[in-house]
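Listing of start32.pdb; format and content: PDB, C-alpha atoms.
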```
ATOM      1  CA  MET B  40     -26.347-243.494  54.858  1.00  0.00           C
ATOM      2  CA  SER B  41     -24.185-246.464  55.894  1.00  0.00           C
ATOM      3  CA  LEU B  42     -21.002-248.116  54.682  1.00  0.00           C
ATOM      4  CA  SER B  43     -21.254-250.489  51.738  1.00  0.00           C
ATOM      5  CA  ALA B  44     -19.384-253.752  51.136  1.00  0.00           C
ATOM      6  CA  THR B  45     -19.091-253.085  47.416  1.00  0.00           C
ATOM      7  CA  ASP B  46     -19.853-249.438  46.535  1.00  0.00           C
ATOM      8  CA  TYR B  47     -16.719-247.466  47.281  1.00  0.00           C
ATOM      9  CA  ASN B  48     -18.156-244.176  46.076  1.00  0.00           C
ATOM     10  CA  ILE B  49     -20.703-244.429  48.901  1.00  0.00           C
ATOM     11  CA  ASN B  50     -17.976-245.332  51.380  1.00  0.00           C
ATOM     12  CA  ILE B  51     -15.876-242.334  50.394  1.00  0.00           C
ATOM     13  CA  GLY B  52     -18.851-240.035  50.898  1.00  0.00           C
ATOM     14  CA  VAL B  53     -19.647-241.534  54.300  1.00  0.00           C
ATOM     15  CA  LEU B  54     -16.024-241.359  55.460  1.00  0.00           C
ATOM     16  CA  GLN B  55     -15.526-237.792  54.204  1.00  0.00           C
ATOM     17  CA  THR B  56     -18.544-236.720  56.253  1.00  0.00           C
ATOM     18  CA  ALA B  57     -17.402-238.712  59.284  1.00  0.00           C
ATOM     19  CA  HIS B  58     -13.867-237.320  59.111  1.00  0.00           C
ATOM     20  CA  SER B  59     -15.156-233.747  58.804  1.00  0.00           C
ATOM     21  CA  ILE B  60     -16.834-234.281  62.196  1.00  0.00           C
ATOM     22  CA  PHE B  61     -14.176-236.390  63.919  1.00  0.00           C
ATOM     23  CA  GLN B  62     -11.201-234.234  62.923  1.00  0.00           C
ATOM     24  CA  GLN B  63     -12.532-231.465  65.159  1.00  0.00           C
ATOM     25  CA  TRP B  64     -11.540-233.631  68.145  1.00  0.00           C
ATOM     26  CA  ARG B  65      -7.878-233.081  67.291  1.00  0.00           C
ATOM     27  CA  VAL B  66      -7.863-229.491  68.507  1.00  0.00           C
ATOM     28  CA  HIS B  67     -10.138-230.035  71.515  1.00  0.00           C
ATOM     29  CA  VAL B  68      -8.838-230.033  75.062  1.00  0.00           C
ATOM     30  CA  ARG B  69      -9.311-233.353  76.871  1.00  0.00           C
ATOM     31  CA  SER B  70     -12.530-233.293  78.851  1.00  0.00           C
ATOM     32  CA  ASP B  71     -15.207-235.696  80.048  1.00  0.00           C
ATOM     33  CA  GLU B  72     -17.610-234.135  77.568  1.00  0.00           C
ATOM     34  CA  LEU B  73     -15.231-234.777  74.669  1.00  0.00           C
ATOM     35  CA  PHE B  74     -14.651-238.394  75.718  1.00  0.00           C
ATOM     36  CA  THR B  75     -18.366-238.998  76.124  1.00  0.00           C
ATOM     37  CA  GLU B  76     -18.792-237.942  72.500  1.00  0.00           C
ATOM     38  CA  ILE B  77     -15.812-240.020  71.315  1.00  0.00           C
ATOM     39  CA  ASN B  78     -17.039-243.076  73.227  1.00  0.00           C
ATOM     40  CA  PHE B  79     -20.474-242.746  71.667  1.00  0.00           C
ATOM     41  CA  VAL B  80     -18.971-242.642  68.172  1.00  0.00           C
ATOM     42  CA  LEU B  81     -16.623-245.531  68.945  1.00  0.00           C
ATOM     43  CA  SER B  82     -19.493-247.677  70.199  1.00  0.00           C
ATOM     44  CA  ARG B  83     -21.308-247.296  66.879  1.00  0.00           C
ATOM     45  CA  PHE B  84     -18.534-246.887  64.343  1.00  0.00           C
ATOM     46  CA  THR B  85     -15.425-248.842  65.344  1.00  0.00           C
ATOM     47  CA  GLY B  86     -16.634-252.277  64.234  1.00  0.00           C
ATOM     48  CA  PRO B  87     -17.688-251.289  60.699  1.00  0.00           C
ATOM     49  CA  PHE B  88     -14.641-249.019  60.426  1.00  0.00           C
ATOM     50  CA  LEU B  89     -12.151-251.790  61.234  1.00  0.00           C
ATOM     51  CA  GLN B  90     -13.976-254.203  58.948  1.00  0.00           C
ATOM     52  CA  LEU B  91     -13.811-251.706  56.077  1.00  0.00           C
ATOM     53  CA  TYR B  92     -10.131-251.022  56.814  1.00  0.00           C
ATOM     54  CA  ARG B  93      -9.310-254.736  56.609  1.00  0.00           C
ATOM     55  CA  GLN B  94     -11.286-255.199  53.407  1.00  0.00           C
ATOM     56  CA  THR B  95      -9.806-252.143  51.691  1.00  0.00           C
ATOM     57  CA  ALA B  96      -6.253-252.893  52.810  1.00  0.00           C
ATOM     58  CA  SER B  97      -6.540-256.463  51.598  1.00  0.00           C
ATOM     59  CA  LEU B  98      -7.851-255.327  48.186  1.00  0.00           C
ATOM     60  CA  LEU B  99      -5.070-252.754  47.773  1.00  0.00           C
ATOM     61  CA  LEU B 100      -2.264-255.081  48.850  1.00  0.00           C
ATOM     62  CA  THR B 101      -3.495-258.142  46.942  1.00  0.00           C
ATOM     63  CA  PRO B 102      -5.663-256.782  44.111  1.00  0.00           C
ATOM     64  CA  SER B 103      -5.538-260.042  42.173  1.00  0.00           C
ATOM     65  CA  ARG B 104      -7.825-261.682  44.742  1.00  0.00           C
ATOM     66  CA  ASN B 105     -10.794-259.600  43.626  1.00  0.00           C
ATOM     67  CA  PRO B 106     -10.247-258.041  40.191  1.00  0.00           C
ATOM     68  CA  SER B 107     -13.862-256.921  39.913  1.00  0.00           C
ATOM     69  CA  LEU B 108     -13.225-254.408  42.728  1.00  0.00           C
ATOM     70  CA  THR B 109      -9.625-253.499  41.903  1.00  0.00           C
ATOM     71  CA  SER B 110      -9.568-253.022  38.145  1.00  0.00           C
ATOM     72  CA  PRO B 111      -9.461-250.998  36.015  1.00  0.00           C
ATOM     73  CA  LYS B 112      -6.972-248.684  37.668  1.00  0.00           C
ATOM     74  CA  GLU B 113      -9.630-246.020  38.276  1.00  0.00           C
ATOM     75  CA  LYS B 114     -11.302-248.437  40.715  1.00  0.00           C
ATOM     76  CA  TYR B 115      -7.957-249.170  42.329  1.00  0.00           C
ATOM     77  CA  ALA B 116      -7.359-245.433  42.765  1.00  0.00           C
ATOM     78  CA  LEU B 117     -10.804-245.141  44.378  1.00  0.00           C
ATOM     79  CA  LEU B 118      -9.736-247.755  46.937  1.00  0.00           C
ATOM     80  CA  ALA B 119      -6.534-245.820  47.595  1.00  0.00           C
ATOM     81  CA  GLN B 120      -8.564-242.630  48.069  1.00  0.00           C
ATOM     82  CA  LEU B 121     -10.674-244.518  50.605  1.00  0.00           C
ATOM     83  CA  MET B 122      -7.539-245.714  52.405  1.00  0.00           C
ATOM     84  CA  VAL B 123      -6.363-242.094  52.792  1.00  0.00           C
ATOM     85  CA  LEU B 124      -9.652-241.354  54.579  1.00  0.00           C
ATOM     86  CA  LEU B 125      -9.476-244.526  56.675  1.00  0.00           C
ATOM     87  CA  ASN B 126      -6.039-243.449  57.919  1.00  0.00           C
ATOM     88  CA  ASP B 127      -7.345-239.942  58.646  1.00  0.00           C
ATOM     89  CA  ILE B 128     -10.117-241.428  60.790  1.00  0.00           C
ATOM     90  CA  TYR B 129      -7.745-243.866  62.504  1.00  0.00           C
ATOM     91  CA  TYR B 130      -5.760-240.780  63.512  1.00  0.00           C
ATOM     92  CA  ASP B 131      -8.943-239.052  64.731  1.00  0.00           C
ATOM     93  CA  PHE B 132      -9.724-242.079  66.917  1.00  0.00           C
ATOM     94  CA  THR B 133      -6.289-242.186  68.522  1.00  0.00           C
ATOM     95  CA  CYS B 134      -5.407-238.501  68.847  1.00  0.00           C
ATOM     96  CA  HIS B 135      -6.436-238.320  72.525  1.00  0.00           C
ATOM     97  CA  ASP B 136      -6.514-241.869  73.843  1.00  0.00           C
ATOM     98  CA  LEU B 137      -6.358-245.516  72.812  1.00  0.00           C
ATOM     99  CA  PRO B 138      -9.789-247.043  72.159  1.00  0.00           C
ATOM    100  CA  PRO B 139     -10.086-250.683  73.302  1.00  0.00           C
ATOM    101  CA  ALA B 140     -10.680-252.020  69.771  1.00  0.00           C
ATOM    102  CA  ILE B 141      -7.592-250.167  68.524  1.00  0.00           C
ATOM    103  CA  GLU B 142      -5.551-251.559  71.400  1.00  0.00           C
ATOM    104  CA  ASP B 143      -6.824-255.087  70.750  1.00  0.00           C
ATOM    105  CA  SER B 144      -5.868-254.854  67.076  1.00  0.00           C
ATOM    106  CA  HIS B 145      -2.494-253.206  67.685  1.00  0.00           C
ATOM    107  CA  GLU B 146      -0.469-256.149  66.363  1.00  0.00           C
ATOM    108  CA  GLU B 147      -2.682-256.435  63.283  1.00  0.00           C
ATOM    109  CA  PHE B 148      -1.941-252.820  62.344  1.00  0.00           C
ATOM    110  CA  PHE B 149       1.515-252.112  63.782  1.00  0.00           C
ATOM    111  CA  GLY B 150       3.066-255.595  63.619  1.00  0.00           C
ATOM    112  CA  ASN B 151       6.586-255.575  62.189  1.00  0.00           C
ATOM    113  CA  VAL B 152       6.073-258.552  59.897  1.00  0.00           C
ATOM    114  CA  SER B 153       2.417-258.791  59.008  1.00  0.00           C
ATOM    115  CA  GLY B 154       0.980-255.439  60.121  1.00  0.00           C
ATOM    116  CA  TRP B 155      -1.107-253.413  57.676  1.00  0.00           C
ATOM    117  CA  PHE B 156       0.897-250.236  58.283  1.00  0.00           C
ATOM    118  CA  GLN B 157       4.258-251.866  57.652  1.00  0.00           C
ATOM    119  CA  ALA B 158       2.880-253.452  54.481  1.00  0.00           C
ATOM    120  CA  PHE B 159       1.711-250.062  53.186  1.00  0.00           C
ATOM    121  CA  LEU B 160       5.032-248.397  53.937  1.00  0.00           C
ATOM    122  CA  LEU B 161       6.670-250.946  51.616  1.00  0.00           C
ATOM    123  CA  TRP B 162       3.875-250.809  49.031  1.00  0.00           C
ATOM    124  CA  ASN B 163       4.417-249.159  45.651  1.00  0.00           C
ATOM    125  CA  PRO B 164       1.715-250.230  43.198  1.00  0.00           C
ATOM    126  CA  VAL B 165       2.255-249.730  39.477  1.00  0.00           C
ATOM    127  CA  ASP B 166      -1.387-248.711  38.991  1.00  0.00           C
ATOM    128  CA  LEU B 167      -0.910-245.642  41.207  1.00  0.00           C
ATOM    129  CA  GLN B 168       2.373-244.449  39.789  1.00  0.00           C
ATOM    130  CA  SER B 169       0.353-241.997  37.723  1.00  0.00           C
ATOM    131  CA  ASP B 170      -2.562-241.301  40.069  1.00  0.00           C
ATOM    132  CA  VAL B 171      -6.055-241.176  38.638  1.00  0.00           C
ATOM    133  CA  CYS B 172      -8.579-239.865  41.139  1.00  0.00           C
TER
ATOM    134  CA  MET D  29     -11.065-233.469  43.003  1.00  0.00           C
ATOM    135  CA  GLN D  30      -8.451-233.227  40.286  1.00  0.00           C
ATOM    136  CA  PRO D  31      -4.836-233.420  41.425  1.00  0.00           C
ATOM    137  CA  ASP D  32      -2.603-230.495  40.588  1.00  0.00           C
ATOM    138  CA  ASP D  33       1.180-230.270  40.550  1.00  0.00           C
ATOM    139  CA  THR D  34       1.331-229.874  44.326  1.00  0.00           C
ATOM    140  CA  THR D  35      -1.055-232.715  45.219  1.00  0.00           C
ATOM    141  CA  PRO D  36       0.906-235.659  46.667  1.00  0.00           C
ATOM    142  CA  SER D  37       0.224-239.028  45.049  1.00  0.00           C
ATOM    143  CA  LEU D  38      -2.311-241.316  46.742  1.00  0.00           C
ATOM    144  CA  THR D  39       0.505-243.705  47.638  1.00  0.00           C
ATOM    145  CA  SER D  40       2.381-240.873  49.301  1.00  0.00           C
ATOM    146  CA  GLN D  41      -0.744-239.648  51.136  1.00  0.00           C
ATOM    147  CA  ILE D  42      -1.327-243.143  52.548  1.00  0.00           C
ATOM    148  CA  LYS D  43       2.258-243.497  53.736  1.00  0.00           C
ATOM    149  CA  THR D  44       2.286-240.016  55.267  1.00  0.00           C
ATOM    150  CA  GLY D  45      -1.000-240.785  57.036  1.00  0.00           C
ATOM    151  CA  ILE D  46       0.456-243.957  58.548  1.00  0.00           C
ATOM    152  CA  LEU D  47       3.549-242.131  59.813  1.00  0.00           C
ATOM    153  CA  GLU D  48       1.317-239.468  61.364  1.00  0.00           C
ATOM    154  CA  ILE D  49      -0.719-242.195  63.078  1.00  0.00           C
ATOM    155  CA  ALA D  50       2.459-243.767  64.475  1.00  0.00           C
ATOM    156  CA  GLU D  51       3.575-240.381  65.807  1.00  0.00           C
ATOM    157  CA  VAL D  52       0.276-239.555  67.491  1.00  0.00           C
ATOM    158  CA  PHE D  53       0.017-243.108  68.855  1.00  0.00           C
ATOM    159  CA  LEU D  54       3.445-242.737  70.429  1.00  0.00           C
ATOM    160  CA  SER D  55       2.619-239.339  71.899  1.00  0.00           C
ATOM    161  CA  VAL D  56      -0.576-240.763  73.448  1.00  0.00           C
ATOM    162  CA  LEU D  57       1.456-243.636  74.902  1.00  0.00           C
ATOM    163  CA  GLU D  58       3.898-241.183  76.431  1.00  0.00           C
ATOM    164  CA  PHE D  59       1.020-239.206  77.898  1.00  0.00           C
ATOM    165  CA  LEU D  60      -0.499-242.360  79.395  1.00  0.00           C
ATOM    166  CA  ASN D  61       2.829-243.471  80.825  1.00  0.00           C
ATOM    167  CA  HIS D  62       3.435-240.021  82.305  1.00  0.00           C
ATOM    168  CA  ARG D  63       0.001-240.017  83.881  1.00  0.00           C
ATOM    169  CA  HIS D  64       0.609-243.513  85.234  1.00  0.00           C
ATOM    170  CA  SER D  65       3.953-242.450  86.710  1.00  0.00           C
ATOM    171  CA  LEU D  66       2.179-239.629  88.530  1.00  0.00           C
ATOM    172  CA  HIS D  67      -0.317-242.157  89.918  1.00  0.00           C
ATOM    173  CA  CYS D  68      -3.158-240.081  88.590  1.00  0.00           C
ATOM    174  CA  SER D  69      -6.591-241.576  88.394  1.00  0.00           C
ATOM    175  CA  SER D  70      -7.548-242.393  84.826  1.00  0.00           C
ATOM    176  CA  SER D  71     -11.234-242.732  85.524  1.00  0.00           C
ATOM    177  CA  SER D  72     -11.975-239.333  84.000  1.00  0.00           C
ATOM    178  CA  ASN D  73     -10.711-237.416  80.969  1.00  0.00           C
ATOM    179  CA  SER D  74     -10.057-240.623  79.069  1.00  0.00           C
ATOM    180  CA  ILE D  75     -11.820-243.098  76.879  1.00  0.00           C
ATOM    181  CA  ARG D  76     -11.243-245.867  79.403  1.00  0.00           C
ATOM    182  CA  ASN D  77      -9.703-246.660  82.754  1.00  0.00           C
ATOM    183  CA  ASN D  78      -7.459-249.624  82.057  1.00  0.00           C
ATOM    184  CA  TYR D  79      -4.942-250.595  79.404  1.00  0.00           C
ATOM    185  CA  LYS D  80      -3.093-253.760  78.583  1.00  0.00           C
ATOM    186  CA  ASN D  81       0.594-252.983  78.388  1.00  0.00           C
ATOM    187  CA  PRO D  82       1.380-249.888  76.325  1.00  0.00           C
ATOM    188  CA  GLN D  83       5.059-250.171  77.190  1.00  0.00           C
ATOM    189  CA  GLN D  84       5.316-253.384  75.162  1.00  0.00           C
ATOM    190  CA  TRP D  85       4.140-251.591  72.043  1.00  0.00           C
ATOM    191  CA  ARG D  86       7.179-249.356  71.840  1.00  0.00           C
ATOM    192  CA  ASN D  87       9.169-252.011  70.010  1.00  0.00           C
ATOM    193  CA  SER D  88       6.697-251.992  67.146  1.00  0.00           C
ATOM    194  CA  PHE D  89       7.436-248.331  66.419  1.00  0.00           C
ATOM    195  CA  GLU D  90      11.077-248.933  65.565  1.00  0.00           C
ATOM    196  CA  ALA D  91      10.083-250.000  62.071  1.00  0.00           C
ATOM    197  CA  PHE D  92       8.493-246.592  61.552  1.00  0.00           C
ATOM    198  CA  GLY D  93      11.698-244.768  62.333  1.00  0.00           C
ATOM    199  CA  ILE D  94      10.167-243.105  65.377  1.00  0.00           C
TER
END
```

Target encoding structure tokens, full file:
Amino acid sequence: MSLSATDYNINIGVLQTAHSIFQQWRVHVRSDELFTEINFVLSRFTGPFLQLYRQTASLLLTPSRNPSLTSPKEKYALLAQLMVLLNDIYYDFTCHDLPPAIEDSHEEFFGNVSGWFQAFLLWNPVDLQSDVC
Amino acid sequence: MQPDDTTPSLTSQIKTGILEIAEVFLSVLEFLNHRHSLHCSSSSNSIRNNYKNPQQWRNSFEAFGI
């Protein structure tokens, strides 16, 4: 099963499975074997992962741009649930080392003015003030 | 999964996740800098063997309170 551009139930299922595998890296000791496995995953998964992160972040931060994917609030909550998983996997990817694609997109994520992370720290959507998930 | 009284809100889970990422990112940077200061080879036990300039990234963590 692969990630979908429009079906967020599928994406949540794919990311839950992926995170259940990747989170095991967190407790592993650094070794060539571990990094061979991480590099293999990164080579296949990083591109679609970053693309999905950008798409989901954009929908959550500016829901009015695509109301068909962000309303009603149950759909918006589904996107937020996906973002929780995307952050979990971002952590999995960076818990031992800095992958090149993560390094290249550092400003996009950590930037003080326009970074995704900073935007989410300031974000407080009305539709999630009483979570529905 | 249905949230119960102890389940943090989705907004809170996202923000906590981002702060955890910032913390682990910083700890990896410190590890890389320490290894660099010891002049250790980085050709093994790592994802890669060269980095741009991790030191420059430190400024971006100030906004996260770390």

Q: Identify which of the residues B:Tyr92, B:Phe61, B:Phe148, B:Tyr130 lies closest to Ile77 (chain B), counting only C-alpha atoms when measuring atom-to-atom distances.
A: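 Result for the nearest residue to Ile77 (chain B): B:Phe61.
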
Q. Got a sec to resolve the PyMOL selection byres ((chain B and resi 113) around 12) on this structure and send the residues as a VMD selection string?
A. chain B and resid 47 to 48 107 to 112 114 to 120 166 to 167 169 to 172

Q. Can you list, as an NGL selection string, every protein, DNA or RNA residue that comes within 6 Å of region 41-57 of chain D when you count all atoms listed in the file, leaving out same-chain residues fewer than 3 positions away?
A. (:B and (123 or 126 or 130 or 134 or 160)) or (:D and (38 or 60))

Could you write those residues out with C-alpha atoms, as an mmCIF file, in the coordinates of the input?
```cif
data_model
loop_
_atom_site.group_PDB
_atom_site.id
_atom_site.type_symbol
_atom_site.label_atom_id
_atom_site.label_comp_id
_atom_site.auth_asym_id
_atom_site.auth_seq_id
_atom_site.Cartn_x
_atom_site.Cartn_y
_atom_site.Cartn_z
ATOM 1 C CA VAL B 123 -6.363 -242.094 52.792
ATOM 2 C CA ASN B 126 -6.039 -243.449 57.919
ATOM 3 C CA TYR B 130 -5.760 -240.780 63.512
ATOM 4 C CA CYS B 134 -5.407 -238.501 68.847
ATOM 5 C CA LEU B 160 5.032 -248.397 53.937
ATOM 6 C CA LEU D 38 -2.311 -241.316 46.742
ATOM 7 C CA LEU D 60 -0.499 -242.360 79.395
#
```

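Distance-wise, CA of Asp131 (chain B) and CA of Asn61 (chain D) end up 20.4 Å apart.
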
Q) Between CA of Gly154 (chain B) and CA of Thr133 (chain B), what is the distance, to one decimal in Å? A)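 Between these atoms lies a distance of 17.3 Å.
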
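Note that CA of Leu125 (chain B) and CA of Phe88 (chain B) are 7.8 Å apart.
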
Q: Tell me which residues the PyMOL selection byres ((chain B and resi 64) around 12) grabs here, as a ChimeraX atom specification.
A: /B:57-63,65-70,72-77,80,128,130-136

Q.
Considering all atoms listed in the file, can you say which of B:Ile51, B:Thr101, B:Asn78, B:Trp155 comes closest to chain D?
A. B:Asn78

(Q) Taking only C-alpha atoms into account, name the residue in B:Thr56, B:Asn151, B:Asn105, B:Thr85 that is nearest to chain D. (A) B:Asn151

Centre and size of axis-aligned box enclosing region 139-156 of chain B plus 6 Å each side, as JSON:
```
{"center_x": -2.0, "center_y": -254.5, "center_z": 65.5, "size_x": 29.3, "size_y": 20.6, "size_z": 27.6}
```
